[in-house]
Every structure is written in structure tokens, then in C-alpha cells.
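Participant: First the structure, which I've put down as C-alpha cells, then a few questions once you've had a look.
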Amino acid sequence: MAQIRQLRQQIRSVKSTAKITRAQEMIATSRIVKAQTAVAASKPYADQIVRALTALVSHNVGIDHPLLNEQPEDARTAVLIITSDRGFAGGYNANVIREAEALIAKLRAEGKRPVPYVVGNKGVTWYRFRNREIGAQWTGFSDRPSFPDAEGIGRRLAADFLKTDAEGGVGEIHVVYTEFVSMLTQAVQVRRLIPLEIEDTTATDGGTPPAYEFEPTAGDVLDLLLPNYIESRIFHMMLQSAASEHAARRRAMKSATDNANELIGVYTRQMNQVRQAAITQEISEIVGGADALADSGGE
Amino acid sequence: MATLKVGLVSPEREVWSGEAKMVVAQTIEGQLGIMPGHAPVLGVLLDGSVVKIEPADGGEWISAMVGSGFFSIADNEVSVLAEQAELGSEVDVADARRALDEALTAAGADQDTTAERRARARLRAAGSEA
């Protein structure tokens with residue numbers, strides 16, 4: 001009998017776990033849609049900014065801006081790693097960190113000194129636990145980033161890039177984030193952010209951009225445009241990562257729920273078996289007892 | 001008559017888009033009225049200013065507050081890109097007034113801060129005097 005009680009308890013506990021994971025799965029599903037909407041909503045701005053920048057660069061050959069220059073003398077290199085604040089997302093953070101570590105090892109082999117700049121609690125904990133230097137950290141918004149968050153990160157990175165090595169500046173900035181390909185596929189991406197490589201869109205646009213006049217001057221426009229471009233890129237990467245995080249969490253929670261339901265099935269069958277055995281035994285005991293009585297009474 | 005295709009976008013969303021007869025924007029150097037057939041321009045917006053749009057369907061002028069950003073004009077297409085953008089009709093006047101008061105007390109009355117300019121622009125866009 002003790003075994004039945006034990007099994008019943010186990011079933012109850014697995015059931016409540018399944019309830020939690022199921023709720024998590026449903027929350028993540030609804031957030032994926034929201035995150036995707038945010039990605040779509042940020043697209044017009046990103047497209048426009050790339051167009052304007054392409055126009056500016058194509059008409060001003062030999063354009064010069066500190067953010068476009070290589071700084072080979074600075075060995076420190078920033079690696080911006082976008083992770084999530086919360087766990088329960090399957091391999092999401094592990095994948096990002098593995099890719100980031102591979103990049104860091106590669107940079108180190110090239111004679112640079114990579115420093116992680118970490119977004120998200122999970123990444124921060126990972127690096128802090130290993131007592132590694134962290135250049136800067138941001139937490140609290142990984143599942144729904146807003147533009148001011150990206151702006152803060154962008155400003156900090158640009159400022160560090162403009163500093164020299166001795167002042168704690170960096171010579172290059174790389175980003176590791178997760179691209180949301182589909183509900184089922186998310187791919188970790190590694191990109192170099194600064195010095196900028198402006199992605200050429202003229203090939204898809206067709207035709208050359210018009211000859212712009214600049215208000216007040218091309219230099220002023222560039223001064224504003226470049227940081228905005230960086231911030232918009234970071235924002236895009238954060239939104240992609242947020243969508244990926246929710247998708248990864250949804251999948252992890254779905255398989256957790258499935259496993260829990262399977263376990264409940266196994267336990268229930270076990271419990272029934274035990275109960276049945278107990279009943280059979282009781283019956284045979286009663287029958288045996290009755291027989292014995294009848295035998296003795298008949299004499 | 002030709003019309004302008006206008007898009008007012010912030011990083012988080014498209015604030016307004018549609019056809020317009022005229023767009024008035026403020027640059028660092030002064031006000032700029034844009035009508036169809038304007039030469040291509042890439043300009044910097046004054047941080048904390050108001051962009052006005054006259055819709056092509058003859059409706060009322062649309063005002064929007066813009067924070068740091070820029071605009072581009074090409075082929076009768078006007079794109080206004082601002083880090084903060086808010087339509088006048090969406091502005092919470094009480095909230096904007098509070099922001100203005102905070103900005104004033106934080107910086108002292110005689111200093112021209114970005115926060116103050118933005119709060120004033122929000123109020124102007126909403127059509128209430130600052």
C-alpha cells in the first residue's frame with residue numbers, strides 16, 4: 001500500500017511541474033509573436049538609415065570618420081555577447097557562449113586581447129563565476145529590449161572605441177547574437193560591428209542614389225548618422241535575440257511538458273498495476289479464508 | 001498634383017506614413033518647408049522640435065514631436081527618422097508638462113537642455129502652449 005501512496009505523490013508532483021512548464025510554454029509562444037512584431041516594426045527605420053548612409057558614402061568617396069577607421073594599434077577587442085536574463089531556454093545561452101568563446105580564442109590567437117561585454121544575466125553570471133574580466137554589462141531587458149537600451153549600449157561601445165588602449169579603449173567590436181530564422185531554427189551569428197562595414201544595398205535597390213545636398217554639411221550628417229546606424233544595428237540584434245530566446249524557451253518548455261506527461265503515464269500504469277495486484281491478493285486471501293472456513297464448518 | 005510620400009519612423013515603430021502636400025521640419029539652421037519636387041536633401045533635425053505634415057487628402061495638419069534624428073528627401077519621398085517620435089494626438093499633455101517641470105528644476109531656468117526642448121516640443125505638437 002505504501003507504494004501506491006508514493007506513486008500517487010510522484011504523479012501529483014510531476015503534474016504540477018507540467019502545469020508550470022505548460023504555462024511557460026504558452027507565455028513564450030505569445031511573446032514570440034510580440035517579439036516578431038517588434039522586429040518588423042523596427043525594419044523601416046533600419047532600412048532608411050542604411051539607405052541614407054549608402055547615399056552618403058557613395059557620394060563622398062574618401063569619407064573620413066573615426067568610427068570607420070581601423071585601429072590596429074589597439075590590441076583590446078570588445079566582444080558584445082547577447083544572452084538572456086532568465087534560464088529555462090534550453091541550449092540558447094550555452095550556444096551563444098560557446099560561439100563567443102570560440103571567437104575569443106580566435107582573437108587571442110591573432111594576438112588581440114578580447115574583453116567580453118555582456119548583455120543578459122546568464123552571460124554575466126557565466127563570466128563572473130569564472131572570474132573573467134567583463135568590460136561592461138547590461139541586464140534586465142533581454143526579453144523585450146527597447147531602443148533606449150540599445151542606445152546606451154551603442155554609446156558605450158562607440159565611446160570605448162574612440163578611447164586608446166591605455167585608457168581602457170578597444171580597437172574592434174564584435175557581436176555574438178542569435179538570429180531568429182524561424183520558430184524552429186535560431187542561428188548564432190558573429191558580426192564585426194566597429195569599424196563599420198556598411199552593407200551595400202545598392203545592388204538590390206537598383207540605380208544609383210540621388211545626389212543629396214546636406215543640411216548643414218555632410219560631416220555633420222555623418223556624425224549623427226553613424227552612431228544612429230550602430231544603435232539601430234544593435235537594436236536589431238537585440239530584437240532578434242529576444243525573439244530567439246522566446247522560441248528556444250518555447251521549445252524547451254514544450255519538450256519538458258511532453259516528458260512530464262509521458263512520466264505521468266508511466267507512473268499511472270505502475271500505480272494501477274500495484275493496486276490491481278493488491279486487490280487480487282486481497283480477493284485470493286478472502287476466498288482462501290472462506291474456503292478454509294467452509295472446510296472446517298462442514299465437518 | 002504630385003504629392004510627397006512621407007514616412008515618419010522611430011526605431012521601435014512607424015509613427016506615421018502616407019501622402020502629403022507639404023512637410024515642415026526644423027533643422028539646426030532653421031525651418032525647412034518641403035513640397036513636391038524638392039531637391040534631394042539629407043539633413044539633421046533639431047533635437048526636440050516639431051515636424052508638421054499637411055496630408056494630401058485635405059485633412060488637418062499633423063504635428064509630431066521628434067527627438068534626435070535626421071530626414072531625407074529624394075524623388076518626392078520624405079523620410080523622417082527620429083530616435084524619439086510621437087504624434088501630437090498621442091502626447092499625454094499632463095505627462096509632458098511634468099517632464100518639462102522636471103527638466104526645468106533639474107537644469108535651472110536659464111539653461112537650454114535637451115530634456116526641456118523635448119518636453120516643450122511635445123507640448124507644441126499636442127497643440128498646447130509651453
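Going by the C-alpha cells order, chains are called A, B, ..., each with residues numbered from 1, while ligands are numbered from 1 in the order shown.
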Pull the closest atom pair for each residue of chain A that gets at most 9 Å from chain B, along with the distance in Å to one decimal, counting only C-alpha atoms, ordering rows by chain and then ascending residue number, as JSON lines.
Facilitator:
```
{"residue": "A:Ala38", "atom": "CA", "partner": "B:Glu12", "partner_atom": "CA", "distance": 6.8}
{"residue": "A:Val39", "atom": "CA", "partner": "B:Glu12", "partner_atom": "CA", "distance": 8.4}
{"residue": "A:Ala40", "atom": "CA", "partner": "B:Arg13", "partner_atom": "CA", "distance": 8.3}
{"residue": "A:Ala41", "atom": "CA", "partner": "B:Arg13", "partner_atom": "CA", "distance": 4.5}
{"residue": "A:Ser42", "atom": "CA", "partner": "B:Glu12", "partner_atom": "CA", "distance": 4.9}
{"residue": "A:Lys43", "atom": "CA", "partner": "B:Pro11", "partner_atom": "CA", "distance": 7.9}
{"residue": "A:Pro44", "atom": "CA", "partner": "B:Val9", "partner_atom": "CA", "distance": 6.8}
{"residue": "A:Tyr45", "atom": "CA", "partner": "B:Pro11", "partner_atom": "CA", "distance": 5.4}
{"residue": "A:Ala46", "atom": "CA", "partner": "B:Pro11", "partner_atom": "CA", "distance": 7.2}
{"residue": "A:Gln48", "atom": "CA", "partner": "B:Ser79", "partner_atom": "CA", "distance": 7.4}
{"residue": "A:Ile49", "atom": "CA", "partner": "B:Leu81", "partner_atom": "CA", "distance": 7.8}
{"residue": "A:Ala52", "atom": "CA", "partner": "B:Ser72", "partner_atom": "CA", "distance": 7.2}
{"residue": "A:Leu56", "atom": "CA", "partner": "B:Leu42", "partner_atom": "CA", "distance": 8.4}
{"residue": "A:Ser146", "atom": "CA", "partner": "B:Glu12", "partner_atom": "CA", "distance": 7.4}
{"residue": "A:Phe147", "atom": "CA", "partner": "B:Pro11", "partner_atom": "CA", "distance": 6.6}
{"residue": "A:Pro148", "atom": "CA", "partner": "B:Glu83", "partner_atom": "CA", "distance": 8.6}
{"residue": "A:Pro209", "atom": "CA", "partner": "B:Ala74", "partner_atom": "CA", "distance": 8.6}
{"residue": "A:Pro210", "atom": "CA", "partner": "B:Pro40", "partner_atom": "CA", "distance": 6.6}
{"residue": "A:Ala211", "atom": "CA", "partner": "B:Pro40", "partner_atom": "CA", "distance": 6.5}
{"residue": "A:Tyr212", "atom": "CA", "partner": "B:Pro40", "partner_atom": "CA", "distance": 4.7}
{"residue": "A:Glu213", "atom": "CA", "partner": "B:Val41", "partner_atom": "CA", "distance": 4.5}
{"residue": "A:Phe214", "atom": "CA", "partner": "B:Leu42", "partner_atom": "CA", "distance": 4.9}
{"residue": "A:Glu215", "atom": "CA", "partner": "B:Gly43", "partner_atom": "CA", "distance": 4.2}
{"residue": "A:Pro216", "atom": "CA", "partner": "B:Gly43", "partner_atom": "CA", "distance": 6.6}
{"residue": "A:Thr217", "atom": "CA", "partner": "B:Gly43", "partner_atom": "CA", "distance": 8.2}
{"residue": "A:Ala218", "atom": "CA", "partner": "B:Leu42", "partner_atom": "CA", "distance": 8.3}
{"residue": "A:Asp220", "atom": "CA", "partner": "B:Val44", "partner_atom": "CA", "distance": 7.6}
{"residue": "A:Val221", "atom": "CA", "partner": "B:Val44", "partner_atom": "CA", "distance": 6.0}
{"residue": "A:Leu224", "atom": "CA", "partner": "B:Gly69", "partner_atom": "CA", "distance": 7.5}
{"residue": "A:Leu225", "atom": "CA", "partner": "B:Phe70", "partner_atom": "CA", "distance": 7.9}
{"residue": "A:Asn228", "atom": "CA", "partner": "B:Gly69", "partner_atom": "CA", "distance": 8.2}
{"residue": "A:Ser232", "atom": "CA", "partner": "B:Pro11", "partner_atom": "CA", "distance": 6.9}
{"residue": "A:Phe235", "atom": "CA", "partner": "B:Pro11", "partner_atom": "CA", "distance": 8.1}
```
Participant: Report as an NGL selection string: the residues of region 24-267 of chain A with a DSSP assignment of strand (DSSP E or B), based on the backbone of this structure.
Facilitator: :A and (76-82 or 113-119 or 136-138 or 172-180 or 186-194 or 213-215)
Participant: Residues near Ala2 (chain B), anyone? I mean within 12 Å using only C-alpha atoms, not counting same-chain ones fewer than 5 positions away, as a list in words.
Facilitator: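 In the requested format, the answer is Glu19, Ala20, Lys21, Met22, Met35, Pro36, Gly37, His38, Ala56, Asp75, Asn76 and Glu77 of chain B.
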Participant: Go ahead and dump the residues you just picked, C-alpha atoms, as a PDB file, in the first residue's frame.
Facilitator:
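New file selection.pdb:
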```
ATOM      1  CA  GLU B  19       0.731  61.005 -48.818  1.00  0.00           C
ATOM      2  CA  ALA B  20       1.248  64.662 -48.053  1.00  0.00           C
ATOM      3  CA  LYS B  21       1.190  68.035 -49.774  1.00  0.00           C
ATOM      4  CA  MET B  22       3.791  69.617 -47.597  1.00  0.00           C
ATOM      5  CA  MET B  35       6.896  70.490 -51.219  1.00  0.00           C
ATOM      6  CA  PRO B  36       6.741  68.054 -54.114  1.00  0.00           C
ATOM      7  CA  GLY B  37       9.674  68.381 -56.480  1.00  0.00           C
ATOM      8  CA  HIS B  38      12.151  69.334 -53.782  1.00  0.00           C
ATOM      9  CA  ALA B  56      -2.797  65.084 -49.255  1.00  0.00           C
ATOM     10  CA  ASP B  75      12.138  61.651 -55.593  1.00  0.00           C
ATOM     11  CA  ASN B  76       9.171  63.088 -53.704  1.00  0.00           C
ATOM     12  CA  GLU B  77       9.803  60.734 -50.840  1.00  0.00           C
TER      13      GLU B  77
END
```
Participant: Name all residues at most 12 Å from region 163-172 of chain A (count only C-alpha atoms; drop same-chain ones fewer than 5 positions away) and give them as a PyMOL selection string.
Facilitator: chain A and resi 66-80+107+112-117+134-136+156-158+191-197
Participant: Could you write out that same residue set with N, CA and C atoms as an mmCIF file, in the first residue's frame?
Facilitator:
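As written to disk, again_0.cif reads:
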```
data_model
loop_
_atom_site.group_PDB
_atom_site.id
_atom_site.type_symbol
_atom_site.label_atom_id
_atom_site.label_comp_id
_atom_site.auth_asym_id
_atom_site.auth_seq_id
_atom_site.Cartn_x
_atom_site.Cartn_y
_atom_site.Cartn_z
ATOM 1 N N PRO A 66 36.123 58.820 -37.503
ATOM 2 C CA PRO A 66 36.833 57.911 -36.585
ATOM 3 C C PRO A 66 36.206 56.525 -36.497
ATOM 4 N N LEU A 67 34.878 56.454 -36.587
ATOM 5 C CA LEU A 67 34.225 55.148 -36.420
ATOM 6 C C LEU A 67 34.451 54.222 -37.606
ATOM 7 N N LEU A 68 34.963 54.783 -38.710
ATOM 8 C CA LEU A 68 35.186 53.947 -39.893
ATOM 9 C C LEU A 68 36.630 53.462 -39.967
ATOM 10 N N ASN A 69 37.484 54.025 -39.106
ATOM 11 C CA ASN A 69 38.912 53.730 -39.230
ATOM 12 C C ASN A 69 39.309 52.477 -38.469
ATOM 13 N N GLU A 70 40.213 51.745 -39.068
ATOM 14 C CA GLU A 70 40.801 50.608 -38.368
ATOM 15 C C GLU A 70 41.758 51.144 -37.316
ATOM 16 N N GLN A 71 41.856 50.442 -36.207
ATOM 17 C CA GLN A 71 42.799 50.857 -35.166
ATOM 18 C C GLN A 71 43.697 49.683 -34.813
ATOM 19 N N PRO A 72 44.633 49.365 -35.695
ATOM 20 C CA PRO A 72 45.438 48.159 -35.460
ATOM 21 C C PRO A 72 46.323 48.271 -34.216
ATOM 22 N N GLU A 73 46.553 49.494 -33.743
ATOM 23 C CA GLU A 73 47.448 49.628 -32.580
ATOM 24 C C GLU A 73 46.759 49.256 -31.264
ATOM 25 N N ASP A 74 45.402 49.186 -31.276
ATOM 26 C CA ASP A 74 44.696 48.801 -30.059
ATOM 27 C C ASP A 74 44.468 47.296 -30.053
ATOM 28 N N ALA A 75 45.113 46.613 -29.100
ATOM 29 C CA ALA A 75 45.005 45.149 -29.071
ATOM 30 C C ALA A 75 43.732 44.705 -28.361
ATOM 31 N N ARG A 76 43.214 45.556 -27.472
ATOM 32 C CA ARG A 76 41.986 45.178 -26.768
ATOM 33 C C ARG A 76 40.829 45.126 -27.761
ATOM 34 N N THR A 77 40.036 44.082 -27.665
ATOM 35 C CA THR A 77 38.934 43.907 -28.590
ATOM 36 C C THR A 77 37.676 43.585 -27.789
ATOM 37 N N ALA A 78 36.625 44.298 -28.086
ATOM 38 C CA ALA A 78 35.387 44.043 -27.355
ATOM 39 C C ALA A 78 34.574 42.978 -28.073
ATOM 40 N N VAL A 79 34.000 42.074 -27.281
ATOM 41 C CA VAL A 79 33.073 41.086 -27.844
ATOM 42 C C VAL A 79 31.754 41.274 -27.114
ATOM 43 N N LEU A 80 30.779 41.800 -27.819
ATOM 44 C CA LEU A 80 29.458 42.000 -27.226
ATOM 45 C C LEU A 80 28.681 40.696 -27.335
ATOM 46 N N LEU A 107 40.426 35.333 -31.589
ATOM 47 C CA LEU A 107 41.003 36.676 -31.492
ATOM 48 C C LEU A 107 42.315 36.626 -30.720
ATOM 49 N N LYS A 112 45.292 39.469 -30.148
ATOM 50 C CA LYS A 112 44.479 40.529 -29.551
ATOM 51 C C LYS A 112 44.084 40.133 -28.141
ATOM 52 N N ARG A 113 43.576 41.114 -27.416
ATOM 53 C CA ARG A 113 43.120 40.833 -26.055
ATOM 54 C C ARG A 113 41.620 41.042 -25.983
ATOM 55 N N PRO A 114 40.864 39.983 -26.227
ATOM 56 C CA PRO A 114 39.403 40.144 -26.225
ATOM 57 C C PRO A 114 38.828 40.347 -24.826
ATOM 58 N N VAL A 115 37.873 41.251 -24.727
ATOM 59 C CA VAL A 115 37.183 41.513 -23.462
ATOM 60 C C VAL A 115 35.686 41.349 -23.704
ATOM 61 N N PRO A 116 35.033 40.504 -22.910
ATOM 62 C CA PRO A 116 33.590 40.362 -23.123
ATOM 63 C C PRO A 116 32.797 41.555 -22.590
ATOM 64 N N TYR A 117 31.850 42.017 -23.388
ATOM 65 C CA TYR A 117 30.846 42.998 -22.960
ATOM 66 C C TYR A 117 29.546 42.216 -23.003
ATOM 67 N N ILE A 134 35.090 41.528 -17.214
ATOM 68 C CA ILE A 134 33.946 41.933 -18.039
ATOM 69 C C ILE A 134 34.077 43.414 -18.326
ATOM 70 N N GLY A 135 34.046 43.776 -19.589
ATOM 71 C CA GLY A 135 34.215 45.177 -19.981
ATOM 72 C C GLY A 135 33.046 46.024 -19.516
ATOM 73 N N ALA A 136 31.856 45.547 -19.763
ATOM 74 C CA ALA A 136 30.637 46.235 -19.335
ATOM 75 C C ALA A 136 29.522 45.221 -19.356
ATOM 76 N N ARG A 156 28.109 53.428 -25.313
ATOM 77 C CA ARG A 156 29.243 52.942 -24.537
ATOM 78 C C ARG A 156 30.300 52.328 -25.461
ATOM 79 N N LEU A 157 29.844 51.524 -26.416
ATOM 80 C CA LEU A 157 30.776 50.862 -27.323
ATOM 81 C C LEU A 157 31.513 51.879 -28.184
ATOM 82 N N ALA A 158 30.757 52.857 -28.725
ATOM 83 C CA ALA A 158 31.386 53.856 -29.573
ATOM 84 C C ALA A 158 32.407 54.655 -28.767
ATOM 85 N N ARG A 191 29.321 38.902 -35.753
ATOM 86 C CA ARG A 191 29.497 40.022 -36.678
ATOM 87 C C ARG A 191 30.515 40.993 -36.118
ATOM 88 N N ARG A 192 31.246 41.656 -37.024
ATOM 89 C CA ARG A 192 32.085 42.756 -36.569
ATOM 90 C C ARG A 192 31.269 44.026 -36.717
ATOM 91 N N LEU A 193 31.167 44.771 -35.622
ATOM 92 C CA LEU A 193 30.310 45.963 -35.625
ATOM 93 C C LEU A 193 31.109 47.225 -35.962
ATOM 94 N N ILE A 194 32.224 47.422 -35.257
ATOM 95 C CA ILE A 194 33.058 48.590 -35.484
ATOM 96 C C ILE A 194 34.498 48.112 -35.644
ATOM 97 N N PRO A 195 35.302 48.617 -36.548
ATOM 98 C CA PRO A 195 34.999 49.598 -37.579
ATOM 99 C C PRO A 195 33.876 49.119 -38.489
ATOM 100 N N LEU A 196 33.106 50.087 -38.930
ATOM 101 C CA LEU A 196 31.906 49.752 -39.676
ATOM 102 C C LEU A 196 32.217 49.210 -41.053
ATOM 103 N N GLU A 197 31.477 48.182 -41.414
ATOM 104 C CA GLU A 197 31.436 47.809 -42.817
ATOM 105 C C GLU A 197 30.007 48.073 -43.210
#
```
Participant: Determine, counting only C-alpha atoms, which protein, DNA and RNA residues have an atom within 10 Å of an atom of Leu123 (chain B); residues of the same chain fewer than 4 positions away are not included. Present the result as a list in words.
Facilitator: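 Near neighbours after the sequence-gap exclusion: Val50, Ala64, Met65, Gly88, Val91, Asp92, Val93, Ala94, Asp95, Ala96, Arg97, Leu100, Arg117, Arg118, Ala119, Gly127, Ser128, Glu129 and Ala130 of chain B.
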Participant: Enumerate the residues of chain B with a DSSP assignment of alpha helix (DSSP H), computed from the backbone, and present them as a list in words.
Facilitator: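 Selection result, alpha helix (DSSP H) within chain B: Val93, Ala94, Asp95, Ala96, Arg97, Arg98, Ala99, Leu100, Asp101, Glu102, Ala103, Leu104, Thr105, Ala106, Ala107, Thr114, Ala115, Glu116, Arg117, Arg118, Ala119, Arg120, Ala121, Arg122, Leu123, Arg124, Ala125 and Ala126 of chain B.
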Participant: Have a look at A:Glu151, A:Arg31, A:Ala260, A:His65 and name the one nearest to Ser13 (chain A); count only C-alpha atoms.
Facilitator: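 That would be A:Ala260, the residue with the smallest distance to Ser13 (chain A).
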Participant: Excluding Ala115 (chain B) and residues on its chain fewer than 4 positions from it, collect all residues at most 10 Å away from it, counting only C-alpha atoms, and give them as a CSV table (one decimal) with N, CA and C atoms, in the first residue's frame.
Facilitator:
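What ended up in part15.csv:
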```csv
chain,number,residue,atom,x,y,z
B,47,ASP,N,17.1,68.6,-32.3
B,47,ASP,CA,16.6,67.7,-31.3
B,47,ASP,C,15.6,68.4,-30.5
B,48,GLY,N,14.4,67.8,-30.4
B,48,GLY,CA,13.3,68.4,-29.7
B,48,GLY,C,12.6,69.5,-30.5
B,67,GLY,N,12.7,63.7,-31.5
B,67,GLY,CA,14.0,63.9,-30.8
B,67,GLY,C,15.1,63.8,-31.8
B,99,ALA,N,7.3,66.4,-17.3
B,99,ALA,CA,8.6,66.3,-17.8
B,99,ALA,C,9.3,67.6,-18.0
B,100,LEU,N,8.5,68.6,-18.4
B,100,LEU,CA,9.0,70.0,-18.6
B,100,LEU,C,9.4,70.5,-17.2
B,102,GLU,N,10.2,68.9,-14.5
B,102,GLU,CA,11.4,68.2,-14.0
B,102,GLU,C,12.6,68.8,-14.7
B,103,ALA,N,12.6,68.9,-16.0
B,103,ALA,CA,13.7,69.4,-16.8
B,103,ALA,C,14.1,70.8,-16.3
B,104,LEU,N,13.1,71.6,-16.0
B,104,LEU,CA,13.4,73.0,-15.6
B,104,LEU,C,14.1,73.0,-14.2
B,106,ALA,N,15.7,70.6,-12.8
B,106,ALA,CA,16.9,69.9,-12.9
B,106,ALA,C,18.1,70.7,-13.4
B,107,ALA,N,17.8,71.6,-14.3
B,107,ALA,CA,18.8,72.3,-15.0
B,107,ALA,C,18.9,73.8,-14.6
B,119,ALA,N,10.5,68.2,-24.1
B,119,ALA,CA,9.2,68.4,-23.4
B,119,ALA,C,8.4,69.5,-24.0
B,120,ARG,N,9.1,70.6,-24.3
B,120,ARG,CA,8.4,71.8,-25.0
B,120,ARG,C,7.8,71.3,-26.4
B,121,ALA,N,8.6,70.6,-27.1
B,121,ALA,CA,8.2,70.1,-28.4
B,121,ALA,C,7.0,69.2,-28.3
```
